[in-house]
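Engineer: structure-v7.cif is the file, holding mmCIF, N, CA and C atoms:
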```cif
data_final
loop_
_atom_site.label_atom_id
_atom_site.label_comp_id
_atom_site.auth_asym_id
_atom_site.auth_seq_id
_atom_site.Cartn_x
_atom_site.Cartn_y
_atom_site.Cartn_z
N MET A 1393 -6.00 7.48 20.13
CA MET A 1393 -5.09 6.51 19.58
C MET A 1393 -5.86 5.25 19.23
N THR A 1394 -5.64 4.72 18.04
CA THR A 1394 -6.33 3.53 17.59
C THR A 1394 -5.60 2.29 18.08
N PRO A 1395 -6.31 1.35 18.73
CA PRO A 1395 -5.65 0.13 19.19
C PRO A 1395 -5.22 -0.73 18.01
N VAL A 1396 -4.07 -1.36 18.14
CA VAL A 1396 -3.56 -2.25 17.11
C VAL A 1396 -3.32 -3.60 17.75
N LEU A 1397 -3.81 -4.65 17.12
CA LEU A 1397 -3.64 -5.99 17.64
C LEU A 1397 -2.46 -6.65 16.97
N PHE A 1398 -1.64 -7.35 17.74
CA PHE A 1398 -0.48 -8.04 17.20
C PHE A 1398 -0.57 -9.51 17.56
N SER A 1399 0.06 -10.33 16.78
CA SER A 1399 0.07 -11.76 17.03
C SER A 1399 1.35 -12.35 16.46
N SER A 1400 1.84 -13.37 17.10
CA SER A 1400 3.02 -14.05 16.57
C SER A 1400 2.64 -15.09 15.54
N GLU A 1401 1.34 -15.30 15.35
CA GLU A 1401 0.85 -16.27 14.38
C GLU A 1401 1.17 -15.81 12.96
N ALA A 1402 1.67 -16.71 12.13
CA ALA A 1402 2.01 -16.38 10.75
C ALA A 1402 0.74 -16.07 9.97
N PRO A 1403 0.79 -15.03 9.09
CA PRO A 1403 -0.38 -14.71 8.29
C PRO A 1403 -0.69 -15.82 7.29
N LYS A 1404 -1.99 -16.00 7.02
CA LYS A 1404 -2.42 -17.00 6.05
C LYS A 1404 -2.33 -16.42 4.66
N ASN A 1405 -2.19 -17.28 3.65
CA ASN A 1405 -2.14 -16.86 2.25
C ASN A 1405 -1.02 -15.88 1.98
N ASN A 1406 0.10 -16.01 2.65
CA ASN A 1406 1.19 -15.06 2.47
C ASN A 1406 2.07 -15.47 1.29
N VAL A 1407 1.63 -15.10 0.09
CA VAL A 1407 2.39 -15.37 -1.12
C VAL A 1407 3.05 -14.06 -1.52
N PRO A 1408 4.38 -14.00 -1.54
CA PRO A 1408 5.04 -12.75 -1.91
C PRO A 1408 4.62 -12.31 -3.30
N LEU A 1409 4.51 -10.99 -3.49
CA LEU A 1409 4.14 -10.45 -4.78
C LEU A 1409 5.11 -10.92 -5.85
N SER A 1410 6.38 -10.99 -5.50
CA SER A 1410 7.38 -11.40 -6.48
C SER A 1410 7.19 -12.85 -6.91
N ALA A 1411 6.54 -13.66 -6.07
CA ALA A 1411 6.32 -15.06 -6.42
C ALA A 1411 5.03 -15.25 -7.19
N ALA A 1412 4.16 -14.24 -7.19
CA ALA A 1412 2.86 -14.39 -7.81
C ALA A 1412 2.93 -14.32 -9.33
N ASP A 1413 3.94 -13.67 -9.88
CA ASP A 1413 4.15 -13.59 -11.33
C ASP A 1413 2.92 -13.14 -12.10
N GLY A 1414 2.07 -12.33 -11.47
CA GLY A 1414 0.93 -11.80 -12.19
C GLY A 1414 -0.16 -12.81 -12.48
N ASP A 1415 -0.09 -14.00 -11.95
CA ASP A 1415 -1.08 -15.03 -12.23
C ASP A 1415 -2.05 -15.13 -11.06
N ALA A 1416 -3.17 -14.42 -11.17
CA ALA A 1416 -4.14 -14.38 -10.07
C ALA A 1416 -4.72 -15.76 -9.77
N SER A 1417 -4.76 -16.64 -10.76
CA SER A 1417 -5.32 -17.96 -10.50
C SER A 1417 -4.45 -18.75 -9.53
N ARG A 1418 -3.12 -18.54 -9.56
CA ARG A 1418 -2.24 -19.21 -8.62
C ARG A 1418 -2.46 -18.70 -7.22
N CYS A 1419 -2.96 -17.51 -7.08
CA CYS A 1419 -3.16 -16.89 -5.78
C CYS A 1419 -4.62 -16.98 -5.35
N GLY A 1420 -5.39 -17.83 -6.00
CA GLY A 1420 -6.78 -17.98 -5.64
C GLY A 1420 -7.62 -16.77 -5.99
N GLY A 1421 -7.15 -15.91 -6.88
CA GLY A 1421 -7.91 -14.74 -7.28
C GLY A 1421 -7.89 -13.62 -6.26
N ALA A 1422 -7.19 -13.78 -5.16
CA ALA A 1422 -7.13 -12.73 -4.13
C ALA A 1422 -6.32 -11.55 -4.65
N PRO A 1423 -6.78 -10.33 -4.38
CA PRO A 1423 -6.04 -9.15 -4.82
C PRO A 1423 -4.66 -9.07 -4.15
N ARG A 1424 -3.65 -8.78 -4.94
CA ARG A 1424 -2.29 -8.62 -4.43
C ARG A 1424 -2.07 -7.15 -4.10
N ILE A 1425 -1.63 -6.88 -2.89
CA ILE A 1425 -1.47 -5.51 -2.41
C ILE A 1425 -0.04 -5.29 -1.93
N LEU A 1426 0.53 -4.19 -2.35
CA LEU A 1426 1.84 -3.76 -1.87
C LEU A 1426 1.61 -2.63 -0.87
N VAL A 1427 1.99 -2.86 0.38
CA VAL A 1427 1.84 -1.87 1.46
C VAL A 1427 3.18 -1.17 1.64
N VAL A 1428 3.16 0.16 1.58
CA VAL A 1428 4.40 0.94 1.64
C VAL A 1428 4.35 1.91 2.81
N ASP A 1429 5.28 1.76 3.74
CA ASP A 1429 5.39 2.70 4.86
C ASP A 1429 6.80 2.59 5.42
N ASP A 1430 7.43 3.73 5.68
CA ASP A 1430 8.78 3.71 6.23
C ASP A 1430 8.79 3.29 7.69
N GLU A 1431 7.64 3.25 8.33
CA GLU A 1431 7.54 2.72 9.69
C GLU A 1431 7.19 1.24 9.57
N ALA A 1432 8.19 0.38 9.77
CA ALA A 1432 8.03 -1.06 9.55
C ALA A 1432 6.89 -1.65 10.38
N LEU A 1433 6.71 -1.19 11.61
CA LEU A 1433 5.65 -1.72 12.45
C LEU A 1433 4.28 -1.47 11.82
N ILE A 1434 4.08 -0.29 11.26
CA ILE A 1434 2.80 0.03 10.61
C ILE A 1434 2.62 -0.83 9.35
N ALA A 1435 3.65 -0.88 8.51
CA ALA A 1435 3.56 -1.67 7.27
C ALA A 1435 3.28 -3.14 7.58
N ASP A 1436 4.03 -3.70 8.51
CA ASP A 1436 3.86 -5.12 8.85
C ASP A 1436 2.50 -5.41 9.46
N THR A 1437 1.99 -4.50 10.27
CA THR A 1437 0.68 -4.68 10.89
C THR A 1437 -0.42 -4.66 9.82
N ILE A 1438 -0.33 -3.72 8.89
CA ILE A 1438 -1.33 -3.65 7.82
C ILE A 1438 -1.26 -4.91 6.95
N VAL A 1439 -0.06 -5.38 6.66
CA VAL A 1439 0.09 -6.61 5.88
C VAL A 1439 -0.60 -7.77 6.59
N GLN A 1440 -0.39 -7.91 7.88
CA GLN A 1440 -1.04 -9.00 8.64
C GLN A 1440 -2.55 -8.88 8.57
N ILE A 1441 -3.07 -7.67 8.76
CA ILE A 1441 -4.53 -7.45 8.72
C ILE A 1441 -5.08 -7.82 7.35
N LEU A 1442 -4.42 -7.37 6.30
CA LEU A 1442 -4.90 -7.67 4.95
C LEU A 1442 -4.82 -9.15 4.63
N ASN A 1443 -3.72 -9.79 4.98
CA ASN A 1443 -3.57 -11.23 4.71
C ASN A 1443 -4.63 -12.05 5.44
N ARG A 1444 -5.00 -11.64 6.60
CA ARG A 1444 -6.03 -12.36 7.37
C ARG A 1444 -7.43 -12.08 6.87
N ASN A 1445 -7.55 -11.13 5.94
CA ASN A 1445 -8.87 -10.78 5.41
C ASN A 1445 -8.97 -11.09 3.92
N GLY A 1446 -8.20 -12.06 3.45
CA GLY A 1446 -8.37 -12.55 2.10
C GLY A 1446 -7.54 -11.88 1.02
N PHE A 1447 -6.67 -10.95 1.40
CA PHE A 1447 -5.78 -10.32 0.43
C PHE A 1447 -4.42 -11.01 0.47
N ILE A 1448 -3.61 -10.75 -0.52
CA ILE A 1448 -2.23 -11.21 -0.54
C ILE A 1448 -1.38 -9.95 -0.48
N ALA A 1449 -0.84 -9.66 0.69
CA ALA A 1449 -0.14 -8.40 0.91
C ALA A 1449 1.32 -8.63 1.24
N GLU A 1450 2.14 -7.68 0.84
CA GLU A 1450 3.57 -7.70 1.12
C GLU A 1450 3.99 -6.27 1.42
N ALA A 1451 4.99 -6.09 2.27
CA ALA A 1451 5.42 -4.76 2.68
C ALA A 1451 6.67 -4.30 1.94
N ALA A 1452 6.72 -3.00 1.71
CA ALA A 1452 7.93 -2.30 1.27
C ALA A 1452 8.13 -1.18 2.29
N TYR A 1453 9.38 -0.90 2.64
CA TYR A 1453 9.66 0.04 3.72
C TYR A 1453 10.21 1.37 3.23
N SER A 1454 10.13 1.60 1.93
CA SER A 1454 10.54 2.89 1.36
C SER A 1454 9.92 3.01 -0.02
N GLY A 1455 9.87 4.23 -0.52
CA GLY A 1455 9.38 4.45 -1.87
C GLY A 1455 10.24 3.74 -2.89
N GLU A 1456 11.56 3.79 -2.68
CA GLU A 1456 12.48 3.13 -3.61
C GLU A 1456 12.23 1.63 -3.68
N GLN A 1457 12.07 1.00 -2.51
CA GLN A 1457 11.83 -0.44 -2.46
C GLN A 1457 10.50 -0.78 -3.14
N ALA A 1458 9.48 0.05 -2.95
CA ALA A 1458 8.18 -0.19 -3.58
C ALA A 1458 8.30 -0.17 -5.10
N ILE A 1459 9.04 0.78 -5.63
CA ILE A 1459 9.23 0.87 -7.08
C ILE A 1459 9.95 -0.37 -7.60
N GLU A 1460 10.99 -0.80 -6.89
CA GLU A 1460 11.73 -1.99 -7.31
C GLU A 1460 10.84 -3.23 -7.29
N MET A 1461 10.00 -3.35 -6.28
CA MET A 1461 9.10 -4.51 -6.19
C MET A 1461 8.07 -4.47 -7.31
N ALA A 1462 7.57 -3.28 -7.65
CA ALA A 1462 6.59 -3.15 -8.73
C ALA A 1462 7.23 -3.48 -10.08
N LYS A 1463 8.52 -3.20 -10.23
CA LYS A 1463 9.22 -3.55 -11.47
C LYS A 1463 9.22 -5.06 -11.68
N ARG A 1464 9.32 -5.82 -10.59
CA ARG A 1464 9.35 -7.28 -10.67
C ARG A 1464 7.97 -7.88 -10.90
N SER A 1465 6.95 -7.27 -10.28
CA SER A 1465 5.59 -7.80 -10.38
C SER A 1465 4.59 -6.71 -10.01
N CYS A 1466 3.73 -6.35 -10.95
CA CYS A 1466 2.74 -5.30 -10.70
C CYS A 1466 1.65 -5.81 -9.75
N PRO A 1467 1.47 -5.15 -8.62
CA PRO A 1467 0.37 -5.52 -7.74
C PRO A 1467 -0.95 -4.99 -8.28
N GLU A 1468 -2.06 -5.53 -7.81
CA GLU A 1468 -3.36 -4.98 -8.18
C GLU A 1468 -3.59 -3.65 -7.49
N LEU A 1469 -3.02 -3.50 -6.29
CA LEU A 1469 -3.24 -2.29 -5.50
C LEU A 1469 -1.99 -1.95 -4.71
N VAL A 1470 -1.71 -0.66 -4.61
CA VAL A 1470 -0.64 -0.16 -3.74
C VAL A 1470 -1.30 0.70 -2.68
N LEU A 1471 -0.98 0.42 -1.43
CA LEU A 1471 -1.44 1.21 -0.29
C LEU A 1471 -0.20 1.82 0.33
N SER A 1472 -0.05 3.15 0.20
CA SER A 1472 1.20 3.78 0.59
C SER A 1472 1.01 4.99 1.48
N ASP A 1473 1.90 5.09 2.46
CA ASP A 1473 2.02 6.31 3.24
C ASP A 1473 2.50 7.40 2.28
N VAL A 1474 2.21 8.64 2.60
CA VAL A 1474 2.64 9.76 1.73
C VAL A 1474 4.00 10.28 2.15
N LEU A 1475 4.16 10.61 3.42
CA LEU A 1475 5.38 11.26 3.88
C LEU A 1475 6.43 10.22 4.29
N MET A 1476 7.44 10.08 3.42
CA MET A 1476 8.55 9.16 3.67
C MET A 1476 9.83 9.85 3.19
N PRO A 1477 10.98 9.48 3.76
CA PRO A 1477 12.24 10.09 3.33
C PRO A 1477 12.61 9.68 1.90
N GLN A 1478 13.48 10.44 1.29
CA GLN A 1478 13.96 10.25 -0.09
C GLN A 1478 12.81 10.29 -1.09
N VAL A 1479 12.24 9.17 -1.43
CA VAL A 1479 11.13 9.11 -2.38
C VAL A 1479 9.83 9.02 -1.59
N ASP A 1480 9.01 10.11 -1.63
CA ASP A 1480 7.77 10.09 -0.86
C ASP A 1480 6.73 9.20 -1.56
N GLY A 1481 5.62 8.99 -0.89
CA GLY A 1481 4.59 8.10 -1.41
C GLY A 1481 3.99 8.55 -2.72
N VAL A 1482 3.87 9.85 -2.93
CA VAL A 1482 3.30 10.35 -4.18
C VAL A 1482 4.26 10.09 -5.33
N GLU A 1483 5.55 10.37 -5.13
CA GLU A 1483 6.54 10.11 -6.19
C GLU A 1483 6.62 8.62 -6.50
N ALA A 1484 6.56 7.79 -5.47
CA ALA A 1484 6.55 6.34 -5.69
C ALA A 1484 5.29 5.94 -6.45
N ALA A 1485 4.15 6.52 -6.08
CA ALA A 1485 2.88 6.20 -6.75
C ALA A 1485 2.92 6.58 -8.23
N ILE A 1486 3.51 7.73 -8.53
CA ILE A 1486 3.63 8.16 -9.92
C ILE A 1486 4.50 7.18 -10.70
N ALA A 1487 5.65 6.81 -10.11
CA ALA A 1487 6.55 5.87 -10.78
C ALA A 1487 5.87 4.51 -10.99
N ILE A 1488 5.16 4.04 -9.98
CA ILE A 1488 4.47 2.75 -10.09
C ILE A 1488 3.34 2.84 -11.11
N SER A 1489 2.64 3.97 -11.15
CA SER A 1489 1.58 4.16 -12.15
C SER A 1489 2.12 4.06 -13.57
N LYS A 1490 3.33 4.57 -13.78
CA LYS A 1490 3.96 4.48 -15.10
C LYS A 1490 4.35 3.04 -15.43
N LEU A 1491 4.86 2.31 -14.43
CA LEU A 1491 5.27 0.91 -14.63
C LEU A 1491 4.06 -0.02 -14.75
N CYS A 1492 3.03 0.28 -13.96
CA CYS A 1492 1.88 -0.61 -13.81
C CYS A 1492 0.59 0.21 -13.95
N PRO A 1493 0.22 0.57 -15.18
CA PRO A 1493 -0.91 1.49 -15.37
C PRO A 1493 -2.25 0.97 -14.85
N ASP A 1494 -2.40 -0.34 -14.68
CA ASP A 1494 -3.67 -0.88 -14.18
C ASP A 1494 -3.72 -1.00 -12.66
N THR A 1495 -2.64 -0.65 -11.99
CA THR A 1495 -2.58 -0.76 -10.53
C THR A 1495 -3.34 0.39 -9.88
N ARG A 1496 -4.22 0.04 -8.95
CA ARG A 1496 -4.96 1.05 -8.17
C ARG A 1496 -4.02 1.55 -7.07
N ILE A 1497 -3.98 2.86 -6.89
CA ILE A 1497 -3.12 3.47 -5.88
C ILE A 1497 -4.00 4.12 -4.81
N VAL A 1498 -3.76 3.76 -3.56
CA VAL A 1498 -4.45 4.38 -2.42
C VAL A 1498 -3.36 4.89 -1.48
N LEU A 1499 -3.41 6.17 -1.19
CA LEU A 1499 -2.44 6.79 -0.29
C LEU A 1499 -3.09 7.04 1.06
N PHE A 1500 -2.29 7.01 2.13
CA PHE A 1500 -2.81 7.34 3.45
C PHE A 1500 -1.82 8.21 4.19
N SER A 1501 -2.36 9.14 4.97
CA SER A 1501 -1.49 10.05 5.71
C SER A 1501 -2.24 10.70 6.85
N GLY A 1502 -1.51 11.04 7.88
CA GLY A 1502 -2.06 11.77 9.00
C GLY A 1502 -1.52 13.18 9.07
N GLN A 1503 -0.85 13.62 8.02
CA GLN A 1503 -0.18 14.92 8.02
C GLN A 1503 -0.90 15.92 7.13
N ALA A 1504 -1.01 17.16 7.59
CA ALA A 1504 -1.66 18.22 6.81
C ALA A 1504 -0.86 18.56 5.55
N ALA A 1505 0.45 18.38 5.57
CA ALA A 1505 1.29 18.70 4.42
C ALA A 1505 0.98 17.84 3.20
N THR A 1506 0.24 16.79 3.41
CA THR A 1506 -0.11 15.87 2.33
C THR A 1506 -0.89 16.57 1.22
N ILE A 1507 -1.74 17.50 1.57
CA ILE A 1507 -2.59 18.18 0.59
C ILE A 1507 -1.73 18.87 -0.48
N GLU A 1508 -0.67 19.52 -0.05
CA GLU A 1508 0.22 20.20 -1.00
C GLU A 1508 0.92 19.20 -1.93
N ILE A 1509 1.36 18.08 -1.37
CA ILE A 1509 2.03 17.06 -2.18
C ILE A 1509 1.06 16.47 -3.20
N LEU A 1510 -0.17 16.18 -2.78
CA LEU A 1510 -1.16 15.64 -3.70
C LEU A 1510 -1.54 16.65 -4.78
N SER A 1511 -1.55 17.91 -4.41
CA SER A 1511 -1.84 18.96 -5.38
C SER A 1511 -0.79 19.00 -6.48
N ARG A 1512 0.48 18.83 -6.11
CA ARG A 1512 1.55 18.79 -7.12
C ARG A 1512 1.38 17.59 -8.04
N ALA A 1513 0.97 16.46 -7.50
CA ALA A 1513 0.73 15.27 -8.33
C ALA A 1513 -0.43 15.52 -9.28
N LYS A 1514 -1.48 16.15 -8.78
CA LYS A 1514 -2.66 16.45 -9.62
C LYS A 1514 -2.27 17.37 -10.77
N ASP A 1515 -1.39 18.34 -10.49
CA ASP A 1515 -0.91 19.25 -11.54
C ASP A 1515 -0.16 18.49 -12.63
N ARG A 1516 0.40 17.34 -12.28
CA ARG A 1516 1.14 16.51 -13.24
C ARG A 1516 0.24 15.45 -13.89
N GLY A 1517 -1.08 15.49 -13.58
CA GLY A 1517 -2.03 14.59 -14.21
C GLY A 1517 -2.33 13.31 -13.46
N TYR A 1518 -1.94 13.24 -12.19
CA TYR A 1518 -2.17 12.03 -11.39
C TYR A 1518 -3.13 12.34 -10.25
N ASN A 1519 -4.20 11.54 -10.16
CA ASN A 1519 -5.15 11.65 -9.05
C ASN A 1519 -5.14 10.35 -8.27
N PHE A 1520 -4.85 10.44 -6.98
CA PHE A 1520 -4.79 9.26 -6.14
C PHE A 1520 -5.82 9.36 -5.03
N GLU A 1521 -6.33 8.21 -4.61
CA GLU A 1521 -7.23 8.16 -3.46
C GLU A 1521 -6.42 8.46 -2.20
N LEU A 1522 -7.06 9.11 -1.22
CA LEU A 1522 -6.38 9.44 0.04
C LEU A 1522 -7.25 9.00 1.20
N LEU A 1523 -6.63 8.25 2.12
CA LEU A 1523 -7.29 7.81 3.35
C LEU A 1523 -6.61 8.48 4.54
N PRO A 1524 -7.36 8.71 5.62
CA PRO A 1524 -6.75 9.28 6.82
C PRO A 1524 -5.91 8.24 7.55
N LYS A 1525 -4.93 8.71 8.27
CA LYS A 1525 -4.09 7.82 9.07
C LYS A 1525 -4.09 8.37 10.49
N PRO A 1526 -4.44 7.64 11.48
CA PRO A 1526 -4.75 6.21 11.47
C PRO A 1526 -6.15 5.94 10.91
N ILE A 1527 -6.34 4.72 10.44
CA ILE A 1527 -7.65 4.27 9.96
C ILE A 1527 -7.95 2.93 10.62
N HIS A 1528 -9.19 2.75 11.00
CA HIS A 1528 -9.59 1.50 11.64
C HIS A 1528 -9.50 0.39 10.60
N PRO A 1529 -9.01 -0.80 10.98
CA PRO A 1529 -8.87 -1.90 10.03
C PRO A 1529 -10.16 -2.22 9.27
N THR A 1530 -11.32 -2.16 9.92
CA THR A 1530 -12.59 -2.46 9.26
C THR A 1530 -12.86 -1.46 8.14
N GLN A 1531 -12.59 -0.18 8.40
CA GLN A 1531 -12.79 0.84 7.37
C GLN A 1531 -11.82 0.64 6.21
N LEU A 1532 -10.59 0.26 6.52
CA LEU A 1532 -9.60 0.02 5.48
C LEU A 1532 -10.03 -1.13 4.58
N ILE A 1533 -10.44 -2.23 5.15
CA ILE A 1533 -10.89 -3.40 4.39
C ILE A 1533 -12.09 -3.02 3.51
N GLN A 1534 -13.05 -2.31 4.07
CA GLN A 1534 -14.23 -1.90 3.30
C GLN A 1534 -13.82 -1.02 2.12
N HIS A 1535 -12.93 -0.09 2.34
CA HIS A 1535 -12.50 0.80 1.26
C HIS A 1535 -11.77 0.03 0.16
N LEU A 1536 -10.90 -0.88 0.53
CA LEU A 1536 -10.13 -1.63 -0.46
C LEU A 1536 -11.03 -2.57 -1.26
N ARG A 1537 -12.09 -3.05 -0.67
CA ARG A 1537 -13.00 -3.94 -1.39
C ARG A 1537 -13.99 -3.17 -2.26
N SER A 1538 -14.11 -1.88 -2.07
CA SER A 1538 -15.08 -1.10 -2.87
C SER A 1538 -14.54 -0.79 -4.24
#
```
As structure tokens, how would this structure be written, given the file I've shared?
Structural biologist:
Amino acid sequence: MTPVLFSSEAPKNNVPLSAADGDASRCGGAPRILVVDDEALIADTIVQILNRNGFIAEAAYSGEQAIEMAKRSCPELVLSDVLMPQVDGVEAAIAISKLCPDTRIVLFSGQAATIEILSRAKDRGYNFELLPKPIHPTQLIQHLRS
């Protein structure tokens, strides 16, 4: 089990994606990231880690919510869990890719069933990056900066 650190301290540089209006200069040039996970604790923890490491991150707790947020403002990057109820991470990623073609999509999952879901997306012409879940925060930051 990977240890997770929590703090009641408010994250720095917490500018909501919807407030950024696509103007990176207003956000200090920091990449805007939409974190999607139906487990709020995981999504919120990742948002805190990213915000403390120079990103501007905001959470969505479902695929549907992520799509709605992307309609309002395209993030530079979406980091999404794959297995979620109703609209899974791959379907959300496909929808967001159509809305925001320049958005980088990174999926993460700890489930073996993910391979089949990603294969279906590939058959439809979509290739997404996949990270293991859990992932150490240092590895996540390094991957997102690469």
Engineer: To one decimal in Å, tell me the separation between atom CA of Ile1488 of chain A and atom N of Gln1503 of chain A.
Structural biologist: 21.8 Å
Engineer: So that I can check the surroundings of segment 1420-1436 of chain A, please list as a PyMOL selection string every protein, DNA and RNA residue that reaches within 8 Å of it, counting all atoms listed in the file and ignoring chain neighbours fewer than 3 positions away.
Structural biologist: chain A and resi 1408-1409+1415-1417+1439-1442+1446-1455+1457-1458+1466-1477+1481
Engineer: For the selection just defined, write its residues with N, CA and C atoms to a file, as a compact mmCIF listing (two decimals), in the frame of the given file.
Structural biologist:
```txt
# COMPACT_ATOMS: atom_id res chain seq x y z
N PRO A 1408 4.38 -14.00 -1.54
CA PRO A 1408 5.04 -12.75 -1.91
C PRO A 1408 4.62 -12.31 -3.30
N LEU A 1409 4.51 -10.99 -3.49
CA LEU A 1409 4.14 -10.45 -4.78
C LEU A 1409 5.11 -10.92 -5.85
N ASP A 1415 -0.09 -14.00 -11.95
CA ASP A 1415 -1.08 -15.03 -12.23
C ASP A 1415 -2.05 -15.13 -11.06
N ALA A 1416 -3.17 -14.42 -11.17
CA ALA A 1416 -4.14 -14.38 -10.07
C ALA A 1416 -4.72 -15.76 -9.77
N SER A 1417 -4.76 -16.64 -10.76
CA SER A 1417 -5.32 -17.96 -10.50
C SER A 1417 -4.45 -18.75 -9.53
N VAL A 1439 -0.06 -5.38 6.66
CA VAL A 1439 0.09 -6.61 5.88
C VAL A 1439 -0.60 -7.77 6.59
N GLN A 1440 -0.39 -7.91 7.88
CA GLN A 1440 -1.04 -9.00 8.64
C GLN A 1440 -2.55 -8.88 8.57
N ILE A 1441 -3.07 -7.67 8.76
CA ILE A 1441 -4.53 -7.45 8.72
C ILE A 1441 -5.08 -7.82 7.35
N LEU A 1442 -4.42 -7.37 6.30
CA LEU A 1442 -4.90 -7.67 4.95
C LEU A 1442 -4.82 -9.15 4.63
N GLY A 1446 -8.20 -12.06 3.45
CA GLY A 1446 -8.37 -12.55 2.10
C GLY A 1446 -7.54 -11.88 1.02
N PHE A 1447 -6.67 -10.95 1.40
CA PHE A 1447 -5.78 -10.32 0.43
C PHE A 1447 -4.42 -11.01 0.47
N ILE A 1448 -3.61 -10.75 -0.52
CA ILE A 1448 -2.23 -11.21 -0.54
C ILE A 1448 -1.38 -9.95 -0.48
N ALA A 1449 -0.84 -9.66 0.69
CA ALA A 1449 -0.14 -8.40 0.91
C ALA A 1449 1.32 -8.63 1.24
N GLU A 1450 2.14 -7.68 0.84
CA GLU A 1450 3.57 -7.70 1.12
C GLU A 1450 3.99 -6.27 1.42
N ALA A 1451 4.99 -6.09 2.27
CA ALA A 1451 5.42 -4.76 2.68
C ALA A 1451 6.67 -4.30 1.94
N ALA A 1452 6.72 -3.00 1.71
CA ALA A 1452 7.93 -2.30 1.27
C ALA A 1452 8.13 -1.18 2.29
N TYR A 1453 9.38 -0.90 2.64
CA TYR A 1453 9.66 0.04 3.72
C TYR A 1453 10.21 1.37 3.23
N SER A 1454 10.13 1.60 1.93
CA SER A 1454 10.54 2.89 1.36
C SER A 1454 9.92 3.01 -0.02
N GLY A 1455 9.87 4.23 -0.52
CA GLY A 1455 9.38 4.45 -1.87
C GLY A 1455 10.24 3.74 -2.89
N GLN A 1457 12.07 1.00 -2.51
CA GLN A 1457 11.83 -0.44 -2.46
C GLN A 1457 10.50 -0.78 -3.14
N ALA A 1458 9.48 0.05 -2.95
CA ALA A 1458 8.18 -0.19 -3.58
C ALA A 1458 8.30 -0.17 -5.10
N CYS A 1466 3.73 -6.35 -10.95
CA CYS A 1466 2.74 -5.30 -10.70
C CYS A 1466 1.65 -5.81 -9.75
N PRO A 1467 1.47 -5.15 -8.62
CA PRO A 1467 0.37 -5.52 -7.74
C PRO A 1467 -0.95 -4.99 -8.28
N GLU A 1468 -2.06 -5.53 -7.81
CA GLU A 1468 -3.36 -4.98 -8.18
C GLU A 1468 -3.59 -3.65 -7.49
N LEU A 1469 -3.02 -3.50 -6.29
CA LEU A 1469 -3.24 -2.29 -5.50
C LEU A 1469 -1.99 -1.95 -4.71
N VAL A 1470 -1.71 -0.66 -4.61
CA VAL A 1470 -0.64 -0.16 -3.74
C VAL A 1470 -1.30 0.70 -2.68
N LEU A 1471 -0.98 0.42 -1.43
CA LEU A 1471 -1.44 1.21 -0.29
C LEU A 1471 -0.20 1.82 0.33
N SER A 1472 -0.05 3.15 0.20
CA SER A 1472 1.20 3.78 0.59
C SER A 1472 1.01 4.99 1.48
N ASP A 1473 1.90 5.09 2.46
CA ASP A 1473 2.02 6.31 3.24
C ASP A 1473 2.50 7.40 2.28
N VAL A 1474 2.21 8.64 2.60
CA VAL A 1474 2.64 9.76 1.73
C VAL A 1474 4.00 10.28 2.15
N LEU A 1475 4.16 10.61 3.42
CA LEU A 1475 5.38 11.26 3.88
C LEU A 1475 6.43 10.22 4.29
N MET A 1476 7.44 10.08 3.42
CA MET A 1476 8.55 9.16 3.67
C MET A 1476 9.83 9.85 3.19
N PRO A 1477 10.98 9.48 3.76
CA PRO A 1477 12.24 10.09 3.33
C PRO A 1477 12.61 9.68 1.90
N GLY A 1481 5.62 8.99 -0.89
CA GLY A 1481 4.59 8.10 -1.41
C GLY A 1481 3.99 8.55 -2.72
```
Engineer: Atom C of Val1498 of chain A to atom CA of Asn1445 of chain A: how many Å, to one decimal?
Structural biologist: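 Here the two named atoms are 18.0 Å from each other.
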Engineer: For atom CA of Ile1459 of chain A and atom CA of Thr1437 of chain A, quote the distance in Å rounded to one decimal.
Structural biologist: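 Distance reported for this atom pair: 20.7 Å.
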Engineer: Apply DSSP to the backbone of this structure and, from segment 1460-1501 of chain A, keep only the residues in strand (DSSP E or B); write these as a list in words.
Structural biologist: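 Residues meeting the strand (DSSP E or B) criterion: Leu1469, Val1470, Leu1471, Ser1472, Asp1473, Arg1496, Ile1497, Val1498, Leu1499, Phe1500 and Ser1501 of chain A.
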Engineer: So that I can see what lies close to Ser1538 of chain A, please list as a PyMOL selection string the residues with an atom at most 12 Å from it, counting only C-alpha atoms and leaving out residues fewer than 5 positions away in the same chain.
Structural biologist: chain A and resi 1496+1498+1531-1533
Engineer: Near segment 1512-1514 of chain A, counting only N, CA and C atoms, which residues have an atom at most 8 Å away, once you skip same-chain residues fewer than 6 positions from it, shown as a list in words?
Structural biologist: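 Answer for this query is Val1482, Glu1483, Ile1486, Thr1506 and Phe1520 of chain A.
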Engineer: For segment 1523-1527 of chain A, please output as a PDB file with N, CA and C atoms, in the frame of the given file all residues within 6 Å (counting all atoms listed in the file; exclusion window: fewer than 6 positions along the same chain).
Structural biologist:
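The result, stored in result-v8.pdb:
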```
ATOM      1  N   VAL A1498      -3.760   3.760  -3.560  1.00  0.00           N
ATOM      2  CA  VAL A1498      -4.450   4.380  -2.420  1.00  0.00           C
ATOM      3  C   VAL A1498      -3.360   4.890  -1.480  1.00  0.00           C
ATOM      4  N   LEU A1499      -3.410   6.170  -1.190  1.00  0.00           N
ATOM      5  CA  LEU A1499      -2.440   6.790  -0.290  1.00  0.00           C
ATOM      6  C   LEU A1499      -3.090   7.040   1.060  1.00  0.00           C
ATOM      7  N   PHE A1500      -2.290   7.010   2.130  1.00  0.00           N
ATOM      8  CA  PHE A1500      -2.810   7.340   3.450  1.00  0.00           C
ATOM      9  C   PHE A1500      -1.820   8.210   4.190  1.00  0.00           C
ATOM     10  N   SER A1501      -2.360   9.140   4.970  1.00  0.00           N
ATOM     11  CA  SER A1501      -1.490  10.050   5.710  1.00  0.00           C
ATOM     12  C   SER A1501      -2.240  10.700   6.850  1.00  0.00           C
ATOM     13  N   GLY A1502      -1.510  11.040   7.880  1.00  0.00           N
ATOM     14  CA  GLY A1502      -2.060  11.770   9.000  1.00  0.00           C
ATOM     15  C   GLY A1502      -1.520  13.180   9.070  1.00  0.00           C
TER      16      GLY A1502
END
```
